[in-house]
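J.: Below is the file coords_23.cif, with mmCIF, C-alpha atoms.
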```cif
data_model
#
loop_
_atom_site.label_atom_id
_atom_site.label_comp_id
_atom_site.auth_asym_id
_atom_site.auth_seq_id
_atom_site.Cartn_x
_atom_site.Cartn_y
_atom_site.Cartn_z
CA MET A 30 17.85 -18.80 10.93
CA ASN A 31 17.75 -20.43 14.32
CA LEU A 32 14.43 -19.12 15.62
CA ASN A 33 14.74 -21.04 18.87
CA GLY A 34 18.11 -19.42 19.53
CA ILE A 35 16.26 -16.27 20.51
CA SER A 36 14.43 -16.35 23.82
CA ASP A 37 10.76 -15.48 24.11
CA PRO A 38 11.51 -12.49 26.41
CA THR A 39 13.79 -11.12 23.69
CA TRP A 40 11.07 -11.53 21.06
CA VAL A 41 8.57 -9.81 23.37
CA ALA A 42 10.98 -6.94 24.02
CA VAL A 43 11.46 -6.42 20.30
CA ILE A 44 7.73 -6.51 19.57
CA SER A 45 6.85 -4.21 22.45
CA GLY A 46 9.56 -1.73 21.50
CA ALA A 47 11.40 -2.14 24.80
CA SER A 48 14.40 -3.27 22.72
CA PRO A 49 14.34 -0.92 19.72
CA VAL A 50 15.70 -2.37 16.49
CA LYS A 51 16.06 -0.52 13.20
CA PHE A 52 14.51 -2.93 10.70
CA GLU A 53 14.89 -2.70 6.94
CA PHE A 54 12.22 -5.14 5.68
CA LEU A 55 8.92 -3.35 5.09
CA GLY A 56 6.81 -6.41 5.84
CA LEU A 57 8.45 -6.86 9.23
CA GLN A 58 8.18 -3.16 10.06
CA LEU A 59 4.44 -3.19 9.42
CA LEU A 60 3.85 -6.57 11.07
CA ILE A 61 5.61 -5.63 14.31
CA SER A 62 3.99 -2.19 14.46
CA ASN A 63 0.56 -3.67 14.02
CA LEU A 64 1.18 -6.43 16.55
CA ARG A 65 2.41 -3.81 19.03
CA GLN A 66 -0.79 -1.81 18.58
CA ARG A 67 -2.94 -4.92 18.98
CA ILE A 68 -1.17 -5.94 22.19
CA ARG A 69 -1.67 -2.43 23.61
CA ALA A 70 -5.34 -2.58 22.63
CA GLY A 71 -5.71 -5.93 24.39
CA GLU A 72 -6.67 -7.71 21.17
CA ILE A 73 -3.89 -10.30 21.34
CA THR A 74 -1.38 -11.61 23.82
CA PRO A 75 2.39 -11.18 23.48
CA ALA A 76 2.66 -14.95 22.98
CA ILE A 77 0.45 -14.80 19.89
CA ALA A 78 2.53 -11.93 18.56
CA VAL A 79 5.75 -13.88 19.08
CA ASN A 80 4.31 -16.81 17.12
CA ASP A 81 3.33 -14.47 14.27
CA VAL A 82 6.82 -12.97 14.07
CA LYS A 83 8.47 -16.40 14.16
CA LEU A 84 6.16 -17.58 11.37
CA PHE A 85 7.08 -14.47 9.40
CA PHE A 86 10.79 -15.25 9.61
CA THR A 87 10.10 -18.83 8.58
CA LYS A 88 8.23 -17.68 5.48
CA TYR A 89 10.80 -15.09 4.44
CA SER A 90 13.97 -16.89 5.50
CA GLY A 91 15.31 -16.82 1.95
CA LEU A 92 15.18 -13.04 1.71
CA THR A 93 18.32 -11.05 2.47
CA ALA A 94 16.43 -8.22 4.15
CA ALA A 95 14.72 -10.68 6.50
CA GLN A 96 18.04 -12.35 7.31
CA ASN A 97 19.59 -8.97 8.09
CA ASP A 98 16.71 -8.09 10.42
CA PHE A 99 16.84 -11.48 12.10
CA ASN A 100 20.57 -11.08 12.75
CA LYS A 101 19.92 -7.74 14.46
CA ILE A 102 17.53 -9.45 16.86
CA ALA A 103 19.90 -12.36 17.40
CA LYS A 104 22.61 -9.92 18.51
CA LEU A 105 20.48 -8.36 21.27
CA MET B 28 8.10 -8.01 -18.87
CA SER B 29 6.89 -4.64 -19.96
CA LYS B 30 5.01 -1.74 -18.46
CA ALA B 31 3.48 0.69 -20.93
CA LEU B 32 0.42 2.51 -22.17
CA ILE B 33 -1.09 0.53 -25.03
CA ASP B 34 -4.26 0.71 -27.10
CA ILE B 35 -7.18 -1.63 -26.65
CA ASN B 36 -6.25 -3.75 -29.68
CA GLU B 37 -2.81 -4.46 -28.28
CA ALA B 38 -4.27 -5.21 -24.84
CA THR B 39 -6.72 -7.63 -26.47
CA ARG B 40 -3.90 -9.29 -28.40
CA ARG B 41 -1.85 -9.77 -25.25
CA ILE B 42 -4.77 -11.23 -23.31
CA ASN B 43 -5.60 -13.60 -26.14
CA ALA B 44 -1.94 -14.64 -26.28
CA GLY B 45 -2.31 -15.82 -22.69
CA GLN B 46 -0.20 -13.17 -21.03
CA ALA B 47 -0.83 -12.43 -17.34
CA LEU B 48 -1.57 -8.74 -17.00
CA LEU B 49 -2.38 -6.02 -14.49
CA LEU B 50 -4.41 -3.35 -16.28
CA ALA B 51 -5.48 0.19 -15.50
CA GLY B 52 -7.63 2.45 -17.62
CA GLU B 53 -11.07 3.83 -18.27
CA GLU B 54 -14.11 1.59 -17.72
CA LYS B 55 -15.20 2.00 -21.35
CA LEU B 56 -11.91 0.36 -22.40
CA LEU B 57 -11.52 -2.35 -19.77
CA SER B 58 -15.13 -3.49 -20.28
CA ARG B 59 -14.36 -4.32 -23.92
CA LEU B 60 -11.50 -6.68 -23.19
CA PRO B 61 -11.77 -10.48 -23.53
CA ALA B 62 -11.63 -12.95 -20.69
CA GLY B 63 -8.16 -14.04 -19.65
CA LYS B 64 -5.43 -13.91 -17.05
CA TRP B 65 -5.85 -10.31 -15.97
CA ILE B 66 -7.26 -8.02 -13.36
CA GLY B 67 -7.78 -4.31 -13.76
CA GLY B 68 -9.03 -1.13 -12.19
CA THR B 69 -10.35 2.16 -13.45
CA ILE B 70 -8.15 5.26 -13.53
CA PRO B 71 -7.11 7.65 -16.33
CA TYR B 72 -3.86 8.87 -14.72
CA PHE B 73 -0.52 7.16 -15.21
CA MET B 74 3.20 7.50 -14.77
CA THR B 75 4.75 6.57 -18.11
CA GLU B 76 8.26 6.58 -19.51
CA ASN B 77 7.48 10.05 -20.85
CA GLY B 78 6.18 11.32 -17.52
CA GLY B 79 2.87 11.63 -15.73
CA CYS B 80 -0.15 11.80 -18.01
CA PHE B 81 -3.94 11.87 -18.15
CA CYS B 82 -5.14 9.50 -20.87
CA GLN B 83 -8.63 8.18 -21.53
CA ASP B 84 -8.02 6.18 -24.70
CA LYS B 85 -5.24 3.83 -23.65
CA ILE B 86 -4.68 1.15 -21.05
CA PHE B 87 -1.66 0.88 -18.79
CA VAL B 88 -0.40 -2.67 -18.83
CA THR B 89 1.97 -4.35 -16.41
CA GLU B 90 2.98 -7.65 -17.94
CA LEU B 91 3.79 -10.33 -15.38
CA PRO B 92 6.44 -13.02 -15.91
CA ALA B 93 5.38 -15.72 -18.36
CA GLY B 94 5.06 -19.41 -17.67
CA LEU B 95 4.11 -19.13 -14.01
CA GLY B 96 0.97 -20.24 -12.23
CA ILE B 97 -1.76 -17.61 -12.26
CA SER B 98 -5.13 -17.55 -10.56
CA THR B 99 -7.73 -14.82 -10.28
CA ARG B 100 -10.78 -14.43 -8.10
CA THR B 101 -13.05 -11.82 -6.62
CA TYR B 102 -13.49 -11.16 -2.92
CA SER B 103 -16.64 -9.73 -1.43
CA ARG B 104 -16.52 -7.72 1.77
CA SER B 105 -17.26 -10.79 3.88
CA GLU B 106 -14.68 -12.90 2.05
CA LEU B 107 -11.86 -10.35 2.14
CA PRO B 108 -10.51 -11.20 5.63
CA ALA B 109 -9.28 -14.52 4.17
CA VAL B 110 -7.16 -12.86 1.48
CA TYR B 111 -3.88 -13.50 3.28
CA GLU B 112 -4.51 -17.01 4.52
CA GLU B 113 -5.70 -18.08 1.06
CA THR B 114 -2.43 -16.91 -0.51
CA ARG B 115 -0.18 -19.93 -0.69
CA GLU B 116 3.52 -20.32 -0.01
CA GLY B 117 5.54 -18.80 -2.85
CA GLU B 118 2.69 -16.75 -4.24
CA VAL B 119 2.50 -12.99 -4.54
CA ALA B 120 -1.01 -11.55 -4.50
CA PHE B 121 -2.06 -8.43 -6.41
CA ILE B 122 -5.24 -6.77 -5.24
CA ILE B 123 -7.37 -3.94 -6.68
CA LEU B 124 -10.22 -2.39 -4.70
CA PRO B 125 -12.73 0.19 -5.95
CA ALA B 126 -12.42 3.50 -4.07
CA ASP B 127 -15.15 4.35 -1.56
CA SER B 128 -16.62 0.84 -1.71
CA ALA B 129 -17.42 -1.45 1.20
CA VAL B 130 -14.39 -3.63 0.39
CA HIS B 131 -12.15 -0.54 0.40
CA THR B 132 -13.37 0.42 3.86
CA GLU B 133 -13.15 -3.15 5.12
CA PHE B 134 -9.57 -3.59 3.95
CA ALA B 135 -8.45 -0.16 5.13
CA LEU B 136 -9.77 -0.63 8.64
CA ASN B 137 -9.04 -4.29 9.23
CA ALA B 138 -6.29 -5.70 7.01
CA PRO B 139 -3.65 -5.60 9.78
CA ARG B 140 -5.94 -7.86 11.83
CA TYR B 141 -6.48 -10.42 9.08
CA GLN B 142 -5.34 -13.96 9.70
CA ASP B 143 -1.72 -14.31 8.44
CA PHE B 144 -1.32 -10.57 7.84
CA ALA B 145 1.97 -9.91 5.98
CA GLN B 146 2.88 -13.60 5.95
CA GLN B 147 2.68 -13.49 2.13
CA PRO B 148 3.33 -10.49 -0.12
CA LEU B 149 0.14 -8.62 -0.99
CA LEU B 150 0.19 -5.40 -2.97
CA GLY B 151 -1.96 -3.38 -5.29
CA TRP B 152 -4.02 -0.26 -5.48
CA ILE B 153 -7.32 1.51 -5.05
CA ALA B 154 -9.08 2.13 -8.36
CA GLY B 155 -10.39 5.64 -9.01
CA VAL B 156 -11.89 7.88 -11.63
CA SER B 157 -11.11 11.11 -13.42
CA LEU B 158 -11.23 13.90 -10.85
CA SER B 159 -13.90 15.59 -12.96
CA GLU B 160 -16.07 12.48 -12.43
CA LEU B 161 -15.75 12.33 -8.65
CA GLY B 162 -19.15 11.72 -7.16
CA LYS B 163 -20.67 11.01 -10.57
CA THR B 164 -18.99 7.78 -11.65
CA LEU B 165 -18.11 4.82 -9.46
CA PRO B 166 -14.61 3.37 -9.63
CA LYS B 167 -14.63 -0.23 -10.86
CA VAL B 168 -12.42 -3.28 -10.86
CA PHE B 169 -12.27 -6.20 -13.28
CA CYS B 170 -11.35 -9.78 -12.55
CA GLY B 171 -10.46 -12.01 -15.48
CA GLY B 172 -13.03 -10.52 -17.81
CA PRO B 173 -14.98 -7.47 -18.95
CA LEU B 174 -17.58 -7.34 -16.15
CA PRO B 175 -17.13 -4.13 -14.12
CA LEU B 176 -17.36 -4.63 -10.36
CA ALA B 177 -18.07 -1.76 -7.97
CA ASN B 178 -18.31 -3.70 -4.73
CA ASP B 179 -15.75 -6.50 -4.91
CA ALA B 180 -11.98 -6.77 -4.79
CA ALA B 181 -10.09 -8.34 -7.68
CA VAL B 182 -7.14 -10.53 -6.76
CA LEU B 183 -4.52 -12.11 -9.02
CA ARG B 184 -2.07 -14.55 -7.52
CA LEU B 185 1.25 -15.30 -9.18
CA GLN B 186 3.14 -18.44 -8.20
CA LEU B 187 6.86 -17.69 -8.24
CA PRO B 188 9.51 -20.32 -9.01
CA PRO B 189 10.88 -22.03 -5.87
CA ASN B 190 14.17 -20.10 -6.05
CA GLN B 191 12.51 -16.69 -6.19
CA ILE B 192 10.88 -14.54 -3.53
CA ALA B 193 8.91 -11.32 -3.76
CA GLN B 194 9.75 -8.24 -1.75
CA LEU B 195 7.54 -5.19 -1.39
CA HIS B 196 9.01 -1.74 -0.99
CA ILE B 197 7.78 1.80 -0.58
CA ILE B 198 9.19 5.21 -1.35
CA ASN B 199 7.64 7.76 0.95
CA LEU B 200 9.27 11.15 0.81
CA PHE B 201 7.33 12.45 3.77
CA GLU B 202 8.86 12.52 7.23
CA PRO B 203 7.24 13.60 10.48
CA GLY B 204 7.66 17.36 10.89
CA PRO B 205 8.82 19.11 14.06
CA GLY B 206 5.29 19.88 15.26
CA GLU B 207 3.10 18.46 17.98
CA ALA B 208 2.41 14.77 18.56
CA ILE B 209 -1.12 13.88 17.45
CA SER B 210 -3.01 10.79 18.58
CA PHE B 211 -6.53 9.51 18.17
CA ASN B 212 -8.89 7.70 20.48
CA HIS B 213 -10.59 5.65 17.75
CA ASP B 214 -9.67 4.04 14.43
CA GLY B 215 -11.47 5.60 11.49
CA PHE B 216 -11.65 7.64 8.32
CA SER B 217 -12.63 10.77 10.26
CA ALA B 218 -11.91 12.38 13.60
CA THR B 219 -13.28 15.15 15.75
CA THR B 220 -11.47 15.20 19.08
CA VAL B 221 -7.79 14.31 19.16
CA MET B 222 -4.94 14.52 21.63
CA ILE B 223 -2.39 17.20 20.73
CA ASN B 224 0.73 16.71 22.85
CA GLY B 225 -1.55 14.96 25.32
CA GLN B 226 -4.16 17.74 25.42
CA GLU B 227 -7.64 17.12 24.06
CA GLN B 228 -8.57 19.41 21.16
CA ASN B 229 -10.87 19.53 18.18
CA PHE B 230 -8.77 18.49 15.21
CA ALA B 231 -10.51 20.67 12.59
CA GLU B 232 -10.00 23.74 14.77
CA TYR B 233 -6.40 22.78 15.48
CA LEU B 234 -5.54 22.47 11.79
CA THR B 235 -7.32 25.73 10.97
CA GLN B 236 -5.72 27.70 13.80
CA LYS B 237 -2.34 26.32 12.87
CA GLY B 238 -2.82 27.21 9.20
CA ALA B 239 -1.70 23.68 8.40
CA ASP B 240 -0.95 22.78 4.79
CA THR B 241 -3.38 19.89 4.42
CA ARG B 242 -1.62 18.66 1.30
CA LEU B 243 0.92 17.27 3.76
CA PRO B 244 -0.15 13.99 5.37
CA LEU B 245 -0.06 12.83 8.94
CA VAL B 246 2.95 10.54 9.30
CA ALA B 247 3.54 7.74 11.78
CA ASN B 248 6.74 5.79 12.28
CA TYR B 249 6.02 2.06 11.93
CA CYS B 250 9.34 0.62 13.15
CA GLY B 251 11.20 2.73 10.61
CA ALA B 252 8.62 2.65 7.82
CA MET B 253 6.89 5.99 7.45
CA VAL B 254 3.15 5.46 7.03
CA ASN B 255 1.00 8.37 5.85
CA VAL B 256 -2.62 9.24 6.40
CA SER B 257 -3.68 11.90 3.91
CA ILE B 258 -6.15 14.61 4.82
CA LYS B 259 -9.26 14.61 2.63
CA ALA B 260 -11.24 17.50 4.09
CA VAL B 261 -11.38 19.83 7.06
CA ASP B 262 -15.03 20.44 7.87
CA LEU B 263 -15.07 23.31 10.34
CA GLN B 264 -18.86 23.52 10.35
CA ASN B 265 -19.16 19.95 11.61
CA ARG B 266 -15.83 20.19 13.46
CA ARG B 267 -14.58 17.05 11.73
CA VAL B 268 -11.54 16.06 9.66
CA GLU B 269 -11.82 13.34 7.02
CA PHE B 270 -8.96 11.14 5.82
CA TYR B 271 -8.14 9.01 2.78
CA ALA B 272 -6.97 6.16 5.01
CA PRO B 273 -7.93 5.36 8.57
CA VAL B 274 -6.06 6.77 11.53
CA VAL B 275 -5.26 4.16 14.15
CA ALA B 276 -5.97 4.69 17.84
CA GLY B 277 -2.88 4.89 20.00
CA VAL B 278 -0.46 5.57 17.14
CA GLU B 279 1.52 8.80 17.38
CA TYR B 280 1.30 10.94 14.26
CA ARG B 281 2.83 14.25 13.27
CA LEU B 282 2.10 16.50 10.36
CA ALA B 283 4.69 15.91 7.66
CA GLY B 284 7.36 18.45 6.97
CA PRO B 285 7.29 20.08 3.53
CA ILE B 286 9.03 18.49 0.55
CA GLY B 287 11.17 20.75 -1.62
CA ASN B 288 11.02 19.25 -5.10
CA TYR B 289 9.24 15.89 -5.32
CA VAL B 290 10.90 14.76 -8.55
CA ASN B 291 14.43 15.68 -7.43
CA GLU B 292 14.00 14.03 -4.05
CA PHE B 293 12.31 11.01 -5.59
CA GLU B 294 15.16 10.50 -8.02
CA ALA B 295 17.65 10.81 -5.18
CA ARG B 296 15.81 8.00 -3.38
CA LEU B 297 15.74 5.88 -6.53
CA LYS B 298 19.51 6.00 -6.67
CA GLU B 299 19.51 4.17 -3.34
CA LEU B 300 17.87 1.19 -4.98
CA GLY B 301 19.90 -1.86 -5.78
CA PRO B 302 19.95 -3.64 -9.11
CA ASN B 303 16.62 -5.35 -8.49
CA GLN B 304 14.22 -5.04 -11.35
CA ILE B 305 10.90 -3.42 -10.53
CA VAL B 306 8.12 -5.81 -11.54
CA PHE B 307 5.25 -3.49 -10.64
CA SER B 308 4.84 -0.03 -9.20
CA CYS B 309 2.08 2.48 -8.55
CA ASN B 310 1.95 5.98 -7.14
CA CYS B 311 -0.67 8.13 -5.46
CA ILE B 312 -2.97 10.64 -7.13
CA LEU B 313 -2.09 13.12 -4.39
CA ASN B 314 1.60 12.92 -5.25
CA TYR B 315 0.58 13.34 -8.91
CA LEU B 316 -1.46 16.44 -8.11
CA TYR B 317 0.46 18.14 -5.32
CA SER B 318 3.87 17.51 -6.87
CA GLN B 319 2.61 18.36 -10.35
CA LEU B 320 3.88 15.16 -11.92
CA GLU B 321 1.98 15.59 -15.18
CA GLY B 322 4.61 15.67 -17.91
CA ARG B 323 7.41 14.99 -15.42
CA ARG B 324 9.31 11.73 -15.20
CA THR B 325 9.97 9.88 -11.95
CA GLY B 326 13.21 8.16 -12.76
CA GLY B 327 11.64 5.73 -15.20
CA VAL B 328 9.36 4.25 -12.53
CA THR B 329 6.05 3.73 -14.30
CA GLY B 330 2.59 2.46 -13.40
CA PRO B 331 -0.95 3.46 -12.59
CA ILE B 332 -1.78 6.46 -10.46
CA THR B 333 -4.04 5.40 -7.63
CA PHE B 334 -6.58 6.48 -5.05
CA GLY B 335 -4.57 4.57 -2.46
CA GLU B 336 -1.69 2.14 -2.53
CA ILE B 337 -1.45 -1.27 -0.95
CA ALA B 338 1.72 -2.82 0.40
CA TYR B 339 0.36 -5.36 2.91
CA GLN B 340 -2.05 -2.62 4.13
CA LEU B 341 -3.54 0.58 2.76
CA LEU B 342 -1.10 3.44 2.32
CA ASN B 343 -1.42 7.06 1.17
CA GLN B 344 0.86 9.41 -0.78
CA THR B 345 3.38 6.63 -1.22
CA LEU B 346 5.01 4.88 -4.15
CA VAL B 347 4.76 1.10 -3.85
CA TYR B 348 6.89 -1.27 -5.86
CA LEU B 349 7.65 -4.97 -6.12
CA THR B 350 10.94 -6.67 -6.78
CA VAL B 351 11.65 -10.36 -7.12
CA GLU B 352 14.89 -11.72 -5.73
CA LYS B 353 16.62 -15.06 -5.93
CA THR B 354 16.49 -16.79 -2.58
CA SER B 355 19.76 -16.85 -0.70
#
```
Step by step, read the file and then write its structure as structure tokens.
T.:
Amino acid sequence: MNLNGISDPTWVAVISGASPVKFEFLGLQLLISNLRQRIRAGEITPAIAVNDVKLFFTKYSGLTAAQNDFNKIAKL
Amino acid sequence: MSKALIDINEATRRINAGQALLLAGEEKLLSRLPAGKWIGGTIPYFMTENGGCFCQDKIFVTELPAGLGISTRTYSRSELPAVYEETREGEVAFIILPADSAVHTEFALNAPRYQDFAQQPLLGWIAGVSLSELGKTLPKVFCGGPLPLANDAAVLRLQLPPNQIAQLHIINLFEPGPGEAISFNHDGFSATTVMINGQEQNFAEYLTQKGADTRLPLVANYCGAMVNVSIKAVDLQNRRVEFYAPVVAGVEYRLAGPIGNYVNEFEARLKELGPNQIVFSCNCILNYLYSQLEGRRTGGVTGPITFGEIAYQLLNQTLVYLTVEKTS
């Protein structure tokens, strides 16, 4: 996974829902939904959310479901 | 690895043999077990190979893989927010919380805000009691020994080999129905005023006027994962609706559509599963009750029946299961 191959605006669009992606990995589905709610509530900034999602992909890079979801984002 | 209902002597033998276990059963049984590598929670309902059952004289055991690093510890309410960040790389954390306790409320309301939320796999269940004992007996958890705990969470961490990785899954048969969009102004286990298709209305009155089947949960779409909030009570006198899990402000919910036959639909979903072996699973007491699972098998998926399921966060009316895959 080349995390830096995806621009920050793309990450933000995915997290905000502006670029809808059909994810398959439960952990990612819940993480992004919760980050989206926290951004809307003003609890965190989009930049913090992007860091959390990047960290998530780092942790789960060995999992097929995470790789599949990452590839969907990379194709945006 | 095995998952089965066993008697207390066999559970004792397995603990003394050093096996790492997740246990579920009555307090009178769990409080007689020796110290060892186990955590447990009270409940007398189970899904077994022979179907759903109510059993007060046996313990449901989930045996975890042998030869791996195991640690157990309790978390108080104030300690619980660190549960994710204290789970190390390569570990999977199992957690059991007593229903209606301060730690249950804390986790339900705040887990998605915990430091490192979802960065490690965390799953488990809410311990309960026989429905005939509701309000009379407190649910308890156990952490590495026979001391019952009513106010703490029990956590067992399993260190997986470097070439393995845990993945959490859910099977939720409920889908949002065709009805109105429902949203809430505040997070919480109860609600009075809600927005129905953007119009403010009292939720208890709305459900009553609609003749809603309150066995069906509210469902929200979390990026493709359907997350339920089950309805506990509609209190028309106080114009309030209570839930088994918190609703979240700003999230759009809909009442779930009806399910035809839980077992048939469940088995159809199981066929979608790959060859991964299920290490642990648990299912909700409301599915057990409303879908009349007693005596009925759910495709060989076995485990404790719960007062709430945990896959990263608290869930309702959902089957949670864990698989372990080889890293690719």
J.: So how far away is CA of Asp34 (chain B) from CA of Lys85 (chain B), in Å?
T.: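 Taking CA of Lys85 (chain B) and CA of Asp34 (chain B), their separation equals 4.8 Å.
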J.: At a cut-off of 7 Å, can you tabulate as CSV every residue of chain A near chain B together with its closest atom pair and the distance in Å to one decimal, using only C-alpha atoms and ordering rows by chain then number?
T.:
```
residue,atom,partner,partner_atom,distance
A:Lys51,CA,B:Gly251,CA,6.4
A:Phe52,CA,B:Gly251,CA,6.6
A:Leu55,CA,B:His196,CA,6.3
A:Gly56,CA,B:Ala145,CA,6.0
A:Gln58,CA,B:Cys250,CA,5.0
A:Leu59,CA,B:Tyr249,CA,6.0
A:Leu60,CA,B:Ala145,CA,6.4
A:Ser62,CA,B:Tyr249,CA,5.3
A:Asn63,CA,B:Pro139,CA,6.3
A:Phe85,CA,B:Gln146,CA,5.5
A:Lys88,CA,B:Gln146,CA,6.7
A:Gly91,CA,B:Thr354,CA,4.7
A:Leu92,CA,B:Thr354,CA,5.8
A:Thr93,CA,B:Ser355,CA,6.8
```
J.: With C-alpha atoms retained, write the just-selected residues as a PDB file, keeping the file's coordinate frame.
T.:
```
ATOM      1  CA  LYS A  51      16.060  -0.520  13.200  1.00  0.00           C
ATOM      2  CA  PHE A  52      14.510  -2.930  10.700  1.00  0.00           C
ATOM      3  CA  LEU A  55       8.920  -3.350   5.090  1.00  0.00           C
ATOM      4  CA  GLY A  56       6.810  -6.410   5.840  1.00  0.00           C
ATOM      5  CA  GLN A  58       8.180  -3.160  10.060  1.00  0.00           C
ATOM      6  CA  LEU A  59       4.440  -3.190   9.420  1.00  0.00           C
ATOM      7  CA  LEU A  60       3.850  -6.570  11.070  1.00  0.00           C
ATOM      8  CA  SER A  62       3.990  -2.190  14.460  1.00  0.00           C
ATOM      9  CA  ASN A  63       0.560  -3.670  14.020  1.00  0.00           C
ATOM     10  CA  PHE A  85       7.080 -14.470   9.400  1.00  0.00           C
ATOM     11  CA  LYS A  88       8.230 -17.680   5.480  1.00  0.00           C
ATOM     12  CA  GLY A  91      15.310 -16.820   1.950  1.00  0.00           C
ATOM     13  CA  LEU A  92      15.180 -13.040   1.710  1.00  0.00           C
ATOM     14  CA  THR A  93      18.320 -11.050   2.470  1.00  0.00           C
TER      15      THR A  93
END
```
J.: Please indicate the distance in Å from CA of Glu90 (chain B) to CA of Pro173 (chain B), rounded to one decimal place.
T.: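 Going from CA of Glu90 (chain B) over to CA of Pro173 (chain B) covers 18.0 Å.
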J.: Carefully work through the PyMOL selection byres ((chain B and resi 311) around 10) for this structure and note down the residues it includes, as a ChimeraX atom specification.
T.: /B:72-73,152-153,309-310,312-316,331-336,342-347
J.: Within 10 Å of region 270-272 of chain B, counting all atoms listed in the file, which residues qualify if same-chain residues fewer than 5 places away don't, as a list in words?
T.: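 Answer for this query is Ala126, Asp127, His131, Thr132, Ala135, Leu136, Gly215, Phe216, Ser217, Ala218, Pro244, Leu245, Asn255, Val256, Ser257, Ile258, Lys259, Ala260, Val261, Phe334, Gly335, Leu341, Leu342, Asn343 and Gln344 of chain B.
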J.: If we count only C-alpha atoms and set the cut-off at 9 Å, which residues sit around Ala78 (chain A), ignoring sequence neighbours fewer than 2 positions away in its own chain? Please answer as number ranges by chain.
T.: A: 40-41, 44, 61, 64-65, 67-68, 73-76, 80-83
J.: If you measure from CA of Thr87 (chain A) to CA of Val43 (chain A), what distance in Å do you get, rounded to one decimal?
T.: 17.1 Å
J.: Please write as a ChimeraX atom specification the full residue list that the PyMOL selection byres ((chain A and resi 97-100) around 10) yields on this file.
T.: /A:30-32,35,50-54,57-58,83,86,90,92-96,101-105
J.: Write a file of the just-selected residues containing C-alpha atoms, as a short mmCIF file (atom, residue, chain, number, x, y, z; two decimals), keeping the file's coordinate frame.
T.:
```cif
data_model
loop_
_atom_site.label_atom_id
_atom_site.label_comp_id
_atom_site.auth_asym_id
_atom_site.auth_seq_id
_atom_site.Cartn_x
_atom_site.Cartn_y
_atom_site.Cartn_z
CA MET A 30 17.85 -18.80 10.93
CA ASN A 31 17.75 -20.43 14.32
CA LEU A 32 14.43 -19.12 15.62
CA ILE A 35 16.26 -16.27 20.51
CA VAL A 50 15.70 -2.37 16.49
CA LYS A 51 16.06 -0.52 13.20
CA PHE A 52 14.51 -2.93 10.70
CA GLU A 53 14.89 -2.70 6.94
CA PHE A 54 12.22 -5.14 5.68
CA LEU A 57 8.45 -6.86 9.23
CA GLN A 58 8.18 -3.16 10.06
CA LYS A 83 8.47 -16.40 14.16
CA PHE A 86 10.79 -15.25 9.61
CA SER A 90 13.97 -16.89 5.50
CA LEU A 92 15.18 -13.04 1.71
CA THR A 93 18.32 -11.05 2.47
CA ALA A 94 16.43 -8.22 4.15
CA ALA A 95 14.72 -10.68 6.50
CA GLN A 96 18.04 -12.35 7.31
CA LYS A 101 19.92 -7.74 14.46
CA ILE A 102 17.53 -9.45 16.86
CA ALA A 103 19.90 -12.36 17.40
CA LYS A 104 22.61 -9.92 18.51
CA LEU A 105 20.48 -8.36 21.27
#
```
J.: Apply the PyMOL selection byres ((chain B and resi 184) around 12) to the file shown and report the selected residues as number ranges by chain.
T.: B: 47-49, 64-66, 91, 95-101, 110-111, 113-123, 147-151, 170-171, 181-183, 185-187
J.: Using only C-alpha atoms, which of B:Cys82, B:Ala62, B:Ala93, B:Ala295 sits nearest Glu321 (chain B)?
T.: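 Result for the nearest residue to Glu321 (chain B): B:Cys82.
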J.: Which is closer to Leu32 (chain B) than all the others in B:Ser103, B:Thr241, B:Thr220, B:Gln83, using only C-alpha atoms?
T.: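 Of B:Ser103, B:Thr241, B:Thr220, B:Gln83, the one nearest Leu32 (chain B), counting only C-alpha atoms, is B:Gln83.
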J.: Between B:Ile70, B:Leu282, B:Ala44, B:Ala154, which one has atoms that come closest to Phe87 (chain B), using only C-alpha atoms?
T.: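 Distance minimum relative to Phe87 (chain B) lands on B:Ile70.
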J.: Could you list, as JSON, numbers by chain, every residue within 6 Å of region 38-43 of chain B, counting only C-alpha atoms and ignoring same-chain residues fewer than 3 positions away?
T.: {"B": [35, 46, 60, 63]}
J.: Given the selection you just returned, output its residues as a file containing C-alpha atoms, formatted as a compact mmCIF listing (two decimals), keeping the file's coordinate frame.
T.:
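Saved as selection-v2.txt:
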```
# COMPACT_ATOMS: atom_id res chain seq x y z
CA ILE B 35 -7.18 -1.63 -26.65
CA GLN B 46 -0.20 -13.17 -21.03
CA LEU B 60 -11.50 -6.68 -23.19
CA GLY B 63 -8.16 -14.04 -19.65
```
J.: To test the calculation: enclose all listed atoms of region 181-197 of chain B in a box whose edges run along x, y and z, add 6 Å on each side, then state centre and edge lengths in Å to one decimal, as AutoDock Vina command-line options.
T.:
```
--center_x 2.0 --center_y -10.1 --center_z -4.9 --size_x 36.3 --size_y 35.8 --size_z 20.6
```
